[in-house]
$ cat structure23.pdb   # PDB, C-alpha atoms
ATOM      1  CA  MET O 128      21.588  48.911 -11.089
ATOM      2  CA  LYS O 129      19.333  49.117  -8.051
ATOM      3  CA  THR O 130      16.160  47.072  -8.159
ATOM      4  CA  ASN O 131      12.849  48.899  -7.842
ATOM      5  CA  ARG O 132      11.359  47.288  -4.725
ATOM      6  CA  ARG O 133       7.784  47.738  -5.891
ATOM      7  CA  ASN O 134       8.583  45.866  -9.075
ATOM      8  CA  VAL O 135      10.315  43.171  -7.034
ATOM      9  CA  VAL O 136       7.170  42.538  -5.028
ATOM     10  CA  LYS O 137       4.993  42.510  -8.156
ATOM     11  CA  CYS O 138       7.242  39.918  -9.773
ATOM     12  CA  MET O 139       7.345  37.539  -6.822
ATOM     13  CA  GLY O 140       5.776  34.093  -6.935
ATOM     14  CA  LEU O 141       2.872  33.249  -4.627
ATOM     15  CA  GLY O 142       5.150  31.650  -2.033
ATOM     16  CA  ALA O 143       7.305  34.732  -1.751
ATOM     17  CA  LEU O 144       4.306  37.045  -1.616
ATOM     18  CA  GLY O 145       3.106  35.118   1.397
ATOM     19  CA  ALA O 146       6.135  36.363   3.288
ATOM     20  CA  PHE O 147       4.838  39.934   3.020
ATOM     21  CA  ALA O 148       1.169  39.255   3.652
ATOM     22  CA  PRO O 149       0.371  39.771   7.347
ATOM     23  CA  ALA O 150      -0.584  36.381   8.757
ATOM     24  CA  PRO O 151      -0.652  34.943  12.249
ATOM     25  CA  ALA O 152       2.393  32.785  12.938
ATOM     26  CA  PHE O 153       0.982  30.416  15.530
ATOM     27  CA  SER O 154      -2.518  28.932  15.252
ATOM     28  CA  SER O 155      -4.478  26.376  13.260
ATOM     29  CA  SER O 156      -5.109  26.659   9.525
ATOM     30  CA  PRO O 157      -8.014  25.090   7.605
ATOM     31  CA  LYS O 158      -6.187  24.771   4.276
ATOM     32  CA  LYS O 159      -3.670  21.957   3.953
ATOM     33  CA  SER O 160      -0.165  22.619   2.713
ATOM     34  CA  THR O 161       1.066  21.950  -0.780
ATOM     35  CA  PHE O 162       4.670  20.917  -1.415
ATOM     36  CA  SER O 163       7.235  21.888  -4.042
ATOM     37  CA  TYR O 164      10.794  20.608  -4.314
ATOM     38  CA  CYS O 165      14.094  22.430  -4.125
ATOM     39  CA  LEU O 166      17.794  21.554  -4.279
ATOM     40  CA  ASN O 167      20.071  23.135  -1.695
ATOM     41  CA  THR O 168      23.414  23.256  -3.462
ATOM     42  CA  SER O 169      25.190  21.970  -0.340
ATOM     43  CA  THR O 170      24.012  18.530  -1.436
ATOM     44  CA  ILE O 171      26.468  18.557  -4.357
ATOM     45  CA  ARG O 172      28.850  21.177  -3.019
ATOM     46  CA  GLY O 173      31.736  18.762  -2.592
ATOM     47  CA  GLN O 174      31.968  18.226  -6.357
ATOM     48  CA  GLN O 175      32.465  22.004  -6.783
ATOM     49  CA  PRO O 176      30.579  22.256 -10.069
ATOM     50  CA  GLY O 177      30.087  26.023  -9.775
ATOM     51  CA  LEU O 178      26.904  28.065  -9.758
ATOM     52  CA  LEU O 179      26.078  27.651 -13.449
ATOM     53  CA  ARG O 180      26.335  23.878 -13.192
ATOM     54  CA  TYR O 181      24.289  23.878  -9.968
ATOM     55  CA  ILE O 182      21.524  25.572 -11.926
ATOM     56  CA  GLU O 183      21.772  23.135 -14.833
ATOM     57  CA  ILE O 184      21.760  20.108 -12.525
ATOM     58  CA  ALA O 185      18.758  21.298 -10.504
ATOM     59  CA  ALA O 186      16.797  21.903 -13.704
ATOM     60  CA  GLU O 187      17.814  18.633 -15.372
ATOM     61  CA  ALA O 188      17.014  16.628 -12.226
ATOM     62  CA  GLY O 189      13.486  18.060 -12.199
ATOM     63  CA  TYR O 190      13.437  20.383  -9.192
ATOM     64  CA  ASP O 191      11.028  23.316  -8.964
ATOM     65  CA  GLY O 192      13.585  25.568  -7.305
ATOM     66  CA  ILE O 193      17.106  25.995  -6.030
ATOM     67  CA  GLU O 194      18.587  27.172  -2.731
ATOM     68  CA  VAL O 195      21.880  28.959  -3.379
ATOM     69  CA  TRP O 196      24.759  29.967  -1.141
ATOM     70  CA  VAL O 197      25.537  33.671  -0.917
ATOM     71  CA  ASP O 198      29.272  33.081  -1.388
ATOM     72  CA  ASP O 199      28.620  31.199  -4.650
ATOM     73  CA  VAL O 200      26.537  34.096  -5.949
ATOM     74  CA  LYS O 201      29.250  36.602  -5.010
ATOM     75  CA  LYS O 202      31.904  34.503  -6.748
ATOM     76  CA  PHE O 203      29.807  34.231  -9.912
ATOM     77  CA  LEU O 204      29.274  37.992  -9.997
ATOM     78  CA  SER O 205      32.960  38.658  -9.327
ATOM     79  CA  GLU O 206      33.774  36.746 -12.525
ATOM     80  CA  GLY O 207      32.142  39.488 -14.560
ATOM     81  CA  HIS O 208      28.520  38.347 -14.712
ATOM     82  CA  SER O 209      25.706  40.762 -13.915
ATOM     83  CA  THR O 210      22.854  40.209 -11.483
ATOM     84  CA  GLU O 211      20.412  40.551 -14.394
ATOM     85  CA  ALA O 212      22.246  37.866 -16.372
ATOM     86  CA  LEU O 213      22.108  35.519 -13.392
ATOM     87  CA  LYS O 214      18.424  36.232 -12.890
ATOM     88  CA  GLN O 215      17.811  35.322 -16.520
ATOM     89  CA  LEU O 216      19.754  32.059 -16.097
ATOM     90  CA  PHE O 217      17.370  30.944 -13.380
ATOM     91  CA  ARG O 218      14.399  31.861 -15.557
ATOM     92  CA  GLN O 219      15.787  30.103 -18.618
ATOM     93  CA  HIS O 220      16.149  26.915 -16.605
ATOM     94  CA  GLY O 221      12.655  27.192 -15.139
ATOM     95  CA  LEU O 222      13.840  27.481 -11.536
ATOM     96  CA  ARG O 223      12.662  29.629  -8.664
ATOM     97  CA  VAL O 224      15.444  30.895  -6.408
ATOM     98  CA  GLU O 225      13.730  29.885  -3.202
ATOM     99  CA  ASN O 226      16.289  30.934  -0.621
ATOM    100  CA  ALA O 227      19.926  31.840  -0.037
ATOM    101  CA  ILE O 228      22.282  30.523   2.618
ATOM    102  CA  GLY O 229      24.354  33.247   4.253
ATOM    103  CA  PHE O 230      26.316  33.689   7.459
ATOM    104  CA  ALA O 231      26.144  37.323   8.517
ATOM    105  CA  PRO O 232      26.605  37.655  12.331
ATOM    106  CA  TRP O 233      23.482  39.743  12.944
ATOM    107  CA  MET O 234      22.718  37.953  16.258
ATOM    108  CA  ALA O 235      26.225  38.427  17.642
ATOM    109  CA  SER O 236      26.376  39.206  21.340
ATOM    110  CA  ASP O 237      29.028  41.861  20.666
ATOM    111  CA  GLU O 238      27.102  44.891  19.429
ATOM    112  CA  SER O 239      29.839  46.054  17.059
ATOM    113  CA  LYS O 240      29.838  42.619  15.404
ATOM    114  CA  SER O 241      26.051  42.626  15.298
ATOM    115  CA  LYS O 242      26.002  46.026  13.570
ATOM    116  CA  ALA O 243      28.536  44.744  11.034
ATOM    117  CA  GLY O 244      26.304  41.719  10.549
ATOM    118  CA  PHE O 245      23.321  43.952   9.786
ATOM    119  CA  ARG O 246      25.371  45.894   7.247
ATOM    120  CA  GLN O 247      26.413  42.616   5.633
ATOM    121  CA  MET O 248      22.817  41.382   5.591
ATOM    122  CA  GLU O 249      21.605  44.557   3.904
ATOM    123  CA  GLU O 250      24.297  44.341   1.238
ATOM    124  CA  GLU O 251      23.542  40.695   0.570
ATOM    125  CA  MET O 252      19.776  41.204   0.622
ATOM    126  CA  ASN O 253      20.051  43.913  -2.023
ATOM    127  CA  MET O 254      22.157  41.606  -4.178
ATOM    128  CA  LEU O 255      19.705  38.718  -3.743
ATOM    129  CA  ALA O 256      16.725  40.900  -4.641
ATOM    130  CA  GLU O 257      18.427  41.732  -7.930
ATOM    131  CA  ILE O 258      18.760  38.043  -8.884
ATOM    132  CA  GLY O 259      15.159  37.243  -7.968
ATOM    133  CA  CYS O 260      15.762  35.615  -4.573
ATOM    134  CA  TYR O 261      13.373  36.927  -1.928
ATOM    135  CA  ARG O 262      14.365  34.878   1.123
ATOM    136  CA  VAL O 263      17.627  34.504   3.056
ATOM    137  CA  ALA O 264      18.537  32.188   5.920
ATOM    138  CA  ALA O 265      19.158  33.948   9.229
ATOM    139  CA  PRO O 266      21.002  31.591  11.608
ATOM    140  CA  GLY O 267      22.270  32.762  14.980
ATOM    141  CA  ILE O 268      25.833  33.379  13.813
ATOM    142  CA  GLY O 269      27.959  35.117  16.417
ATOM    143  CA  ALA O 270      25.643  34.351  19.312
ATOM    144  CA  GLU O 271      27.228  33.142  22.549
ATOM    145  CA  ALA O 272      25.637  30.923  25.173
ATOM    146  CA  PRO O 273      23.532  31.720  27.039
ATOM    147  CA  VAL O 274      21.732  33.733  24.363
ATOM    148  CA  ASP O 275      19.637  36.657  25.575
ATOM    149  CA  LEU O 276      16.471  35.611  23.734
ATOM    150  CA  MET O 277      14.723  38.914  24.448
ATOM    151  CA  ALA O 278      17.598  40.823  22.819
ATOM    152  CA  ALA O 279      17.697  38.311  19.960
ATOM    153  CA  GLY O 280      13.975  38.851  19.381
ATOM    154  CA  ARG O 281      14.465  42.605  19.127
ATOM    155  CA  LYS O 282      17.298  42.083  16.660
ATOM    156  CA  TYR O 283      15.183  39.727  14.583
ATOM    157  CA  LYS O 284      12.424  42.356  14.525
ATOM    158  CA  ALA O 285      14.975  44.852  13.154
ATOM    159  CA  LEU O 286      16.084  42.250  10.610
ATOM    160  CA  LEU O 287      12.480  41.821   9.451
ATOM    161  CA  ASP O 288      12.258  45.597   9.009
ATOM    162  CA  LEU O 289      15.378  45.369   6.855
ATOM    163  CA  GLY O 290      13.760  42.542   4.911
ATOM    164  CA  ARG O 291      10.746  44.684   4.102
ATOM    165  CA  LYS O 292      13.062  47.488   3.025
ATOM    166  CA  THR O 293      15.098  45.294   0.662
ATOM    167  CA  GLY O 294      12.386  42.879  -0.455
ATOM    168  CA  VAL O 295      14.243  39.814   0.919
ATOM    169  CA  MET O 296      12.764  38.232   4.044
ATOM    170  CA  PRO O 297      14.991  36.591   6.703
ATOM    171  CA  GLN O 298      14.118  32.999   7.639
ATOM    172  CA  LEU O 299      15.058  32.433  11.298
ATOM    173  CA  GLU O 300      17.190  29.288  11.540
ATOM    174  CA  PHE O 301      18.702  27.204  14.342
ATOM    175  CA  TRP O 302      21.429  24.542  14.176
ATOM    176  CA  GLY O 303      21.159  21.451  16.356
ATOM    177  CA  ALA O 304      24.892  21.204  17.100
ATOM    178  CA  PHE O 305      25.355  24.958  17.740
ATOM    179  CA  ALA O 306      25.124  25.233  21.523
ATOM    180  CA  PRO O 307      24.050  28.901  21.765
ATOM    181  CA  PHE O 308      21.067  28.546  19.395
ATOM    182  CA  HIS O 309      20.146  24.919  18.827
ATOM    183  CA  HIS O 310      16.538  24.342  19.889
ATOM    184  CA  LEU O 311      13.108  24.913  18.353
ATOM    185  CA  GLY O 312      11.993  26.446  21.646
ATOM    186  CA  GLN O 313      14.607  29.160  21.280
ATOM    187  CA  ILE O 314      13.446  30.281  17.848
ATOM    188  CA  LEU O 315       9.832  30.214  19.021
ATOM    189  CA  MET O 316      10.815  32.539  21.864
ATOM    190  CA  VAL O 317      12.733  34.844  19.521
ATOM    191  CA  ALA O 318       9.775  34.866  17.118
ATOM    192  CA  ALA O 319       7.350  35.712  19.928
ATOM    193  CA  VAL O 320       9.528  38.592  21.126
ATOM    194  CA  ALA O 321       9.784  39.943  17.577
ATOM    195  CA  ASN O 322       5.962  40.106  17.558
ATOM    196  CA  ASP O 323       5.832  40.582  13.815
ATOM    197  CA  PRO O 324       3.413  39.145  11.216
ATOM    198  CA  ASP O 325       6.294  38.457   8.824
ATOM    199  CA  VAL O 326       8.127  36.075  11.166
ATOM    200  CA  ARG O 327       9.382  33.065   9.206
ATOM    201  CA  LEU O 328      11.101  29.979  10.626
ATOM    202  CA  LEU O 329      13.466  27.574   8.837
ATOM    203  CA  PRO O 330      13.439  24.119  10.485
ATOM    204  CA  ASP O 331      15.418  21.069   9.410
ATOM    205  CA  VAL O 332      14.863  17.345  10.090
ATOM    206  CA  TYR O 333      18.455  16.806  11.228
ATOM    207  CA  HIS O 334      18.649  19.955  13.364
ATOM    208  CA  LEU O 335      15.360  19.197  15.121
ATOM    209  CA  TYR O 336      16.779  15.799  16.070
ATOM    210  CA  ARG O 337      20.396  16.783  16.767
ATOM    211  CA  GLY O 338      19.478  19.667  19.069
ATOM    212  CA  GLY O 339      16.987  17.622  21.072
ATOM    213  CA  SER O 340      13.900  19.534  19.957
ATOM    214  CA  GLY O 341      12.022  16.497  18.722
ATOM    215  CA  PHE O 342       9.254  16.935  16.198
ATOM    216  CA  ASP O 343       5.969  17.467  18.049
ATOM    217  CA  GLY O 344       6.708  21.177  18.452
ATOM    218  CA  LEU O 345       5.940  21.613  14.749
ATOM    219  CA  LYS O 346       2.275  21.203  15.678
ATOM    220  CA  LEU O 347       2.426  24.564  17.474
ATOM    221  CA  ILE O 348       3.315  26.521  14.350
ATOM    222  CA  HIS O 349       0.953  28.136  11.872
ATOM    223  CA  GLY O 350       1.611  27.188   8.267
ATOM    224  CA  GLN O 351       2.426  30.719   7.136
ATOM    225  CA  ALA O 352       5.410  30.774   9.508
ATOM    226  CA  ILE O 353       7.254  28.016   7.612
ATOM    227  CA  GLU O 354       7.878  28.443   3.902
ATOM    228  CA  ILE O 355      11.143  26.481   3.571
ATOM    229  CA  PHE O 356      11.790  23.151   5.276
ATOM    230  CA  HIS O 357      15.161  21.404   4.979
ATOM    231  CA  MET O 358      14.772  17.737   4.138
ATOM    232  CA  ASN O 359      17.248  15.029   5.104
ATOM    233  CA  ASP O 360      17.434  12.047   7.445
ATOM    234  CA  TYR O 361      19.761  10.692  10.124
ATOM    235  CA  PRO O 362      21.134   7.226  10.930
ATOM    236  CA  ALA O 363      20.367   5.159  14.012
ATOM    237  CA  SER O 364      23.959   3.942  14.318
ATOM    238  CA  ILE O 365      25.424   7.186  15.749
ATOM    239  CA  PRO O 366      24.358   8.633  19.129
ATOM    240  CA  ARG O 367      22.364  11.840  18.727
ATOM    241  CA  GLU O 368      24.917  14.030  20.525
ATOM    242  CA  GLU O 369      27.720  12.755  18.263
ATOM    243  CA  GLN O 370      26.008  13.241  14.919
ATOM    244  CA  GLN O 371      27.434  15.820  12.542
ATOM    245  CA  ASP O 372      26.272  17.503   9.345
ATOM    246  CA  ARG O 373      28.242  14.952   7.354
ATOM    247  CA  ASP O 374      26.112  12.124   8.772
ATOM    248  CA  ARG O 375      22.896  13.284   7.112
ATOM    249  CA  VAL O 376      21.464  10.836   4.601
ATOM    250  CA  TYR O 377      18.778  10.862   1.927
ATOM    251  CA  PRO O 378      15.190  11.162   3.195
ATOM    252  CA  GLY O 379      13.954   7.668   3.946
ATOM    253  CA  ASP O 380      17.432   6.167   4.359
ATOM    254  CA  GLY O 381      17.521   6.912   8.098
ATOM    255  CA  VAL O 382      15.185   6.641  11.062
ATOM    256  CA  ALA O 383      13.549  10.087  11.204
ATOM    257  CA  PRO O 384       9.724   9.994  11.541
ATOM    258  CA  LEU O 385       9.314  11.573   8.117
ATOM    259  CA  SER O 386       5.674  10.555   7.697
ATOM    260  CA  GLN O 387       4.739  12.282  10.952
ATOM    261  CA  ILE O 388       6.793  15.361  10.051
ATOM    262  CA  LEU O 389       5.283  15.667   6.582
ATOM    263  CA  ARG O 390       1.739  15.097   7.866
ATOM    264  CA  ASP O 391       2.220  17.873  10.427
ATOM    265  CA  LEU O 392       3.624  20.196   7.743
ATOM    266  CA  ARG O 393       0.663  19.383   5.518
ATOM    267  CA  GLU O 394      -1.903  19.918   8.264
ATOM    268  CA  MET O 395      -0.482  23.285   9.358
ATOM    269  CA  GLY O 396      -1.343  24.842   5.983
ATOM    270  CA  GLY O 397       0.571  27.211   3.729
ATOM    271  CA  ASP O 398       2.685  26.373   0.701
ATOM    272  CA  LYS O 399       5.911  24.588   1.630
ATOM    273  CA  VAL O 400       9.224  24.266  -0.211
ATOM    274  CA  LEU O 401      10.934  20.995   0.709
ATOM    275  CA  SER O 402      14.626  21.643   0.143
ATOM    276  CA  LEU O 403      17.116  18.770   0.075
ATOM    277  CA  GLU O 404      20.059  19.806   2.261
ATOM    278  CA  LEU O 405      22.836  17.246   2.694
ATOM    279  CA  PHE O 406      26.566  17.459   3.450
ATOM    280  CA  ASN O 407      27.416  13.789   3.088
ATOM    281  CA  PRO O 408      30.968  13.309   1.745
ATOM    282  CA  SER O 409      30.070   9.900   0.303
ATOM    283  CA  TYR O 410      27.505  11.626  -1.937
ATOM    284  CA  TRP O 411      30.134  14.175  -2.933
ATOM    285  CA  GLU O 412      32.127  11.324  -4.480
ATOM    286  CA  ARG O 413      29.278  10.480  -6.861
ATOM    287  CA  ASP O 414      27.993  12.083 -10.032
ATOM    288  CA  PRO O 415      26.190  15.252  -8.870
ATOM    289  CA  LEU O 416      23.276  14.811 -11.274
ATOM    290  CA  GLU O 417      22.731  11.267  -9.996
ATOM    291  CA  VAL O 418      22.778  12.549  -6.403
ATOM    292  CA  ALA O 419      20.281  15.322  -7.214
ATOM    293  CA  LYS O 420      17.916  12.929  -8.985
ATOM    294  CA  THR O 421      18.123  10.361  -6.208
ATOM    295  CA  GLY O 422      17.406  12.967  -3.549
ATOM    296  CA  LEU O 423      14.371  14.289  -5.402
ATOM    297  CA  LEU O 424      12.952  10.803  -5.880
ATOM    298  CA  LYS O 425      13.414   9.982  -2.210
ATOM    299  CA  MET O 426      11.738  13.230  -1.118
ATOM    300  CA  LYS O 427       8.768  12.510  -3.355
ATOM    301  CA  ASN O 428       8.568   8.941  -2.067
ATOM    302  CA  ALA O 429       8.556  10.232   1.504
ATOM    303  CA  VAL O 430       5.720  12.648   0.699
ATOM    304  CA  LYS O 431       3.761   9.869  -1.006
ATOM    305  CA  ALA O 432       4.242   7.550   1.975
ATOM    306  CA  SER O 433       2.933  10.238   4.329
ATOM    307  CA  SER O 434      -0.324  10.744   2.432
TER     308      SER O 434
END
$ encode --input "structure23.pdb" --output "structure tokens"
Amino acid sequence: MKTNRRNVVKCMGLGALGAFAPAPAFSSSPKKSTFSYCLNTSTIRGQQPGLLRYIEIAAEAGYDGIEVWVDDVKKFLSEGHSTEALKQLFRQHGLRVENAIGFAPWMASDESKSKAGFRQMEEEMNMLAEIGCYRVAAPGIGAEAPVDLMAAGRKYKALLDLGRKTGVMPQLEFWGAFAPFHHLGQILMVAAVANDPDVRLLPDVYHLYRGGSGFDGLKLIHGQAIEIFHMNDYPASIPREEQQDRDRVYPGDGVAPLSQILRDLREMGGDKVLSLELFNPSYWERDPLEVAKTGLLKMKNAVKASS
């Protein structure tokens, strides 16, 4: 059953509503940010507990929300569950579905692949709206170096139009080890070309470091432009250019300047969802509930230390 988009917007939480309220993306903000806490299911993905157990673990560990993977949602629905039943599961466990991780090649340099990526995004956005998820990650899948940032900005503008149509807003993401689209400066350029009040960026501690962006560029961004921020840390023992997703560690267990990062996020204003995103295989060998609880505690400790 198709979701009534007006009802979707009415039912959104305050954070999601902010994505639709026109707001400048880059400037100062007088109101400091507030933080909530989210579990990206990648953190316990290696244990393969399944979507239902992800939900139970996030709730039992004490998170405010959950960040799901599109493929996990599709698998759950393919097993005979309805989108309404899944939406009720999130509600019953007291969780907001803060974002979804998908890999549609909307930014592909090949126009036929890009068009297919837009069709995939629309299909997935409609599905996500029906389960109560009103954001989706939009990484530069399919892009080839050197990326035409002007063209990418126009495509992102079209993706934002699609977000307003479906009720699910794309969060522009870059990956530090992905050569075509790896730097904060690139997403700022794409966002500027899009020239849209609903621009939203999805930074990550590890990706800012791995791609050579550093962290001072966060000071350039208005708080409304960041709603989700991926939390993790990185070790000092591996050269930056050699670090991989698997090397991410709990916040506070590495050498990232987390206090500076969190202070800058707080000062920029706007509500922020801090989402724990790890891919560490050593954590995947442990009890997933223990991992989720430990990650939440370490995020909260990092926020406390930054105050």
$ residues_around --input "structure23.pdb" --residues "stretch 181-187 of chain O" --least-positions-apart "2" --cutoff "6 Å" --atoms "all atoms listed in the file" --output "PDB file with C-alpha atoms, in the frame of the given file"
ATOM      1  CA  LEU O 178      26.904  28.065  -9.758  1.00  0.00           C
ATOM      2  CA  LEU O 179      26.078  27.651 -13.449  1.00  0.00           C
ATOM      3  CA  GLY O 189      13.486  18.060 -12.199  1.00  0.00           C
ATOM      4  CA  TYR O 190      13.437  20.383  -9.192  1.00  0.00           C
ATOM      5  CA  HIS O 220      16.149  26.915 -16.605  1.00  0.00           C
ATOM      6  CA  LEU O 416      23.276  14.811 -11.274  1.00  0.00           C
TER       7      LEU O 416
END
$ resolve_selection --input "structure23.pdb" --expression "the PyMOL selection byres ((chain O and resi 353) around 9)" --output "ChimeraX atom specification"
/O:152,298,326-330,348-352,354-356,392,397-400
$ atom_distance --input "structure23.pdb" --atom1 "atom CA of O:Gly207" --atom2 "atom CA of O:Ile228"
21.7 Å
$ atom_distance --input "structure23.pdb" --atom1 "atom CA of O:Thr421" --atom2 "atom CA of O:Glu404"
12.8 Å
$ residues_around --input "structure23.pdb" --residues "O:Ile171" --least-positions-apart "4" --cutoff "12 Å" --atoms "all atoms listed in the file" --output "ChimeraX atom specification"
/O:166-167,175-178,180-182,184-185,194-196,403-422
$ resolve_selection --input "structure23.pdb" --expression "the PyMOL selection byres ((chain O and resi 376-378) around 6)" --output "PDB file with C-alpha atoms, in the coordinates of the input"
ATOM      1  CA  ASN O 359      17.248  15.029   5.104  1.00  0.00           C
ATOM      2  CA  ASP O 360      17.434  12.047   7.445  1.00  0.00           C
ATOM      3  CA  TYR O 361      19.761  10.692  10.124  1.00  0.00           C
ATOM      4  CA  ARG O 375      22.896  13.284   7.112  1.00  0.00           C
ATOM      5  CA  GLY O 379      13.954   7.668   3.946  1.00  0.00           C
ATOM      6  CA  ASP O 380      17.432   6.167   4.359  1.00  0.00           C
ATOM      7  CA  LYS O 425      13.414   9.982  -2.210  1.00  0.00           C
ATOM      8  CA  MET O 426      11.738  13.230  -1.118  1.00  0.00           C
TER       9      MET O 426
END
$ residues_around --input "structure23.pdb" --residues "stretch 336-339 of chain O" --least-positions-apart "3" --cutoff "7 Å" --atoms "all atoms listed in the file" --output "ChimeraX atom specification"
/O:303-304,309-310,332-333,367-368,370
$ atom_distance --input "structure23.pdb" --atom1 "atom CA of O:Gly280" --atom2 "atom CA of O:Ile314"
8.7 Å
$ resolve_selection --input "structure23.pdb" --expression "the PyMOL selection byres ((chain O and resi 274-276) around 10)" --output "short mmCIF file (atom, residue, chain, number, x, y, z; two decimals) with C-alpha atoms, in the coordinates of the input"
data_model
loop_
_atom_site.label_atom_id
_atom_site.label_comp_id
_atom_site.auth_asym_id
_atom_site.auth_seq_id
_atom_site.Cartn_x
_atom_site.Cartn_y
_atom_site.Cartn_z
CA MET O 234 22.72 37.95 16.26
CA ALA O 235 26.22 38.43 17.64
CA SER O 236 26.38 39.21 21.34
CA GLY O 267 22.27 32.76 14.98
CA ALA O 270 25.64 34.35 19.31
CA GLU O 271 27.23 33.14 22.55
CA ALA O 272 25.64 30.92 25.17
CA PRO O 273 23.53 31.72 27.04
CA MET O 277 14.72 38.91 24.45
CA ALA O 278 17.60 40.82 22.82
CA ALA O 279 17.70 38.31 19.96
CA GLY O 280 13.98 38.85 19.38
CA ARG O 281 14.46 42.60 19.13
CA LYS O 282 17.30 42.08 16.66
CA ALA O 306 25.12 25.23 21.52
CA PRO O 307 24.05 28.90 21.76
CA PHE O 308 21.07 28.55 19.40
CA GLN O 313 14.61 29.16 21.28
CA ILE O 314 13.45 30.28 17.85
CA LEU O 315 9.83 30.21 19.02
CA MET O 316 10.82 32.54 21.86
CA VAL O 317 12.73 34.84 19.52
CA ALA O 318 9.78 34.87 17.12
CA ALA O 319 7.35 35.71 19.93
CA VAL O 320 9.53 38.59 21.13
#
$ residues_around --input "structure23.pdb" --residues "stretch 240-249 of chain O" --least-positions-apart "5" --cutoff "10 Å" --atoms "all atoms listed in the file" --output "list in words"
Gly229, Phe230, Ala231, Pro232, Trp233, Met234, Ala235, Met254, Leu255, Val263, Ala265, Ile268, Gly269, Ala270, Lys282, Ala285, Leu286, Leu289, Gly290, Lys292, Thr293, Val295 and Pro297 of chain O
$ closest_residue --input "structure23.pdb" --among "O:Asp331, O:Leu385, O:Phe305, O:Ser402" --to "O:Ser169" --atoms "all atoms listed in the file"
O:Ser402
$ axis_aligned_box --input "structure23.pdb" --around "stretch 166-172 of chain O" --padding-each-side "3 Å" --output "JSON"
{"center_x": 23.3, "center_y": 20.9, "center_z": -2.3, "size_x": 17.1, "size_y": 10.7, "size_z": 10.0}
